[in-house]
Amino acid sequence: MRVIVNGQDKELPTGTTLGGLMELLKVDPRRVVVEYNREIINRSSWDEHISRELKEGDTLELVQLVGGG
Amino acid sequence: MSDKLIIAGREFTNRLMVGTGKYATMDLMKQSLEAAEAEIVTVAVRRMNLDEPGESLLEHIDLSRYTLLPNTAGAATAEEAIRLARLARAAGLSDLIKLEVIPDPATLLPDVVGTLEAARILIKEGFTVLPYTTDDPIIAAKLEDAGAATVMPLASYIGSGRGFSDPARISLIIERAGVPVVVDAGLGVPSDAAMAMELGASAVLINTAIARAENPPLMAEAMKLGVRAGRMAFKAGRIPKLEQASASSPTGGIVK
């Protein structure tokens with residue numbers, strides 16, 4: 001199954017969950033903001049979303065605060 | 001003497017806001033924020049680099065000390081700015097947003113129509129909105145009417161270091177504004193920062209002029225002093241400009 005993370009195609013095993021994807025990418029979900037199919041997942045409710053199964057064509061954005069003016 | 005900067009009910013002492021972009025190293029950024037004695041620092045929202053995660057900015061910013069002001073840089077439309085603002089707020093560190101809607105990479109001038117549109121929506125969603133705008137007093141007033149916490153007119157193009165292209169227009173905005181006016185963009189040297197404050201600006205925001213100086217922490221300190229001197233001069237009340245000389249020594253009792 002193919003999903004798009006930060007504009008990149010990722011081939012994932014069917015049934016991969018949101019939490020599983022973060023593990024696969026070695027990303028600490030407390031250090032990014034996750035936008036899943038344009039829906040922002042608030043950190044306070046992350047645990048409720050961890051077992052959501054991803055689907056073919058899903059789009060995710062993992063963003064963080066960086067230096068800027 | 002208390003001279004607080006109040007933005008949406010929050011009190012600040014230092015009137016120099018500092019950007020965190022463009023520093024050669026995180027260490028130089030950290031030293032510069034310290035030298036500036038900044039209290040409000042801007043940050044941007046970007047995709048994390050999945051291949052090379054690198055250092056996290058937040059590891060280098062003491063959140064007990066600095067108030068984060070995330071920006072919507074990178075947004076060319078109101079919709080994109082709103083999306084970035086929501087993402088920034090979801091990081092859970094600030095509901096302040098420096099709103100920028102910038103469609104033109106050559107000038108980086110703000111789309112003021114899009115900015116106003118986005119400001120209205122974000123204010124409704126409970127954001128404290130600090131919009132980047134042109135030096136147009138009409139737009140500044142509209143942003144204030146919409147509920148913006150400050151207005152942030154440019155002195156000149158972002159990152160240009162050109163100083164003021166038209167200080168009289170900034171003065172007009174300051175005269176008419178009921179919210180703090182923060183001069184943002186284009187300041188190059190401490191005399192520019194001092195001038196902004198002498199005109200009566202409530203604060204200035206500087207990034208490139210510090211980050212790209214040969215010695216950023218030293219420039220940060222110089223900017224801090226420029227802001228302070230300008231603010232003191234504004235409070236002290238300047239003399240009127242005269243067309244002709246006015247003698248400093250007594251005009252009577254001259255030895256003949």
# chains A, B, ... in the order shown; residues from 1 in each chain; ligands from 1
call {"tool": "residues_around", "arguments": {"residues": "Val5 (chain A)", "least_positions_apart": "2", "cutoff": "9 Å", "atoms": "only C-alpha atoms", "output": "ChimeraX atom specification"}}
result
/A:3,7-10,58-62 /B:50
call {"tool": "interface_residues", "arguments": {"of": "chain B", "to": "chain A", "cutoff": "6 Å", "atoms": "only C-alpha atoms", "output": "PyMOL selection string"}}
result
chain B and resi 19-21+42-48+57+90-91+207
call {"tool": "select_by_dssp", "arguments": {"residues": "chain A", "states": "strand (DSSP E or B)", "output": "list in words"}}
result
Arg2, Val3, Ile4, Val5, Gln8, Asp9, Lys10, Glu11, Thr17, Val33, Val34, Glu35, Tyr36, Glu39, Ile40, Ile41, Glu53, Thr59, Leu60, Glu61, Leu62, Val63, Gln64, Leu65, Val66 and Gly67 of chain A
call {"tool": "closest_residue", "arguments": {"among": "A:Gly20, A:Thr14, A:Arg2, A:Arg52", "to": "Tyr36 (chain A)", "atoms": "only C-alpha atoms"}}
result
A:Arg52
call {"tool": "residues_around", "arguments": {"residues": "Pro137 (chain B)", "least_positions_apart": "5", "cutoff": "8 Å", "atoms": "only C-alpha atoms", "output": "ChimeraX atom specification"}}
result
/B:169-170,172-173,176
call {"tool": "residues_around", "arguments": {"residues": "Gly163 (chain B)", "least_positions_apart": "4", "cutoff": "9 Å", "atoms": "only C-alpha atoms", "output": "JSON, numbers by chain"}}
result
{"B": [155, 156, 157, 185, 186, 187, 188, 189, 191, 192, 193]}
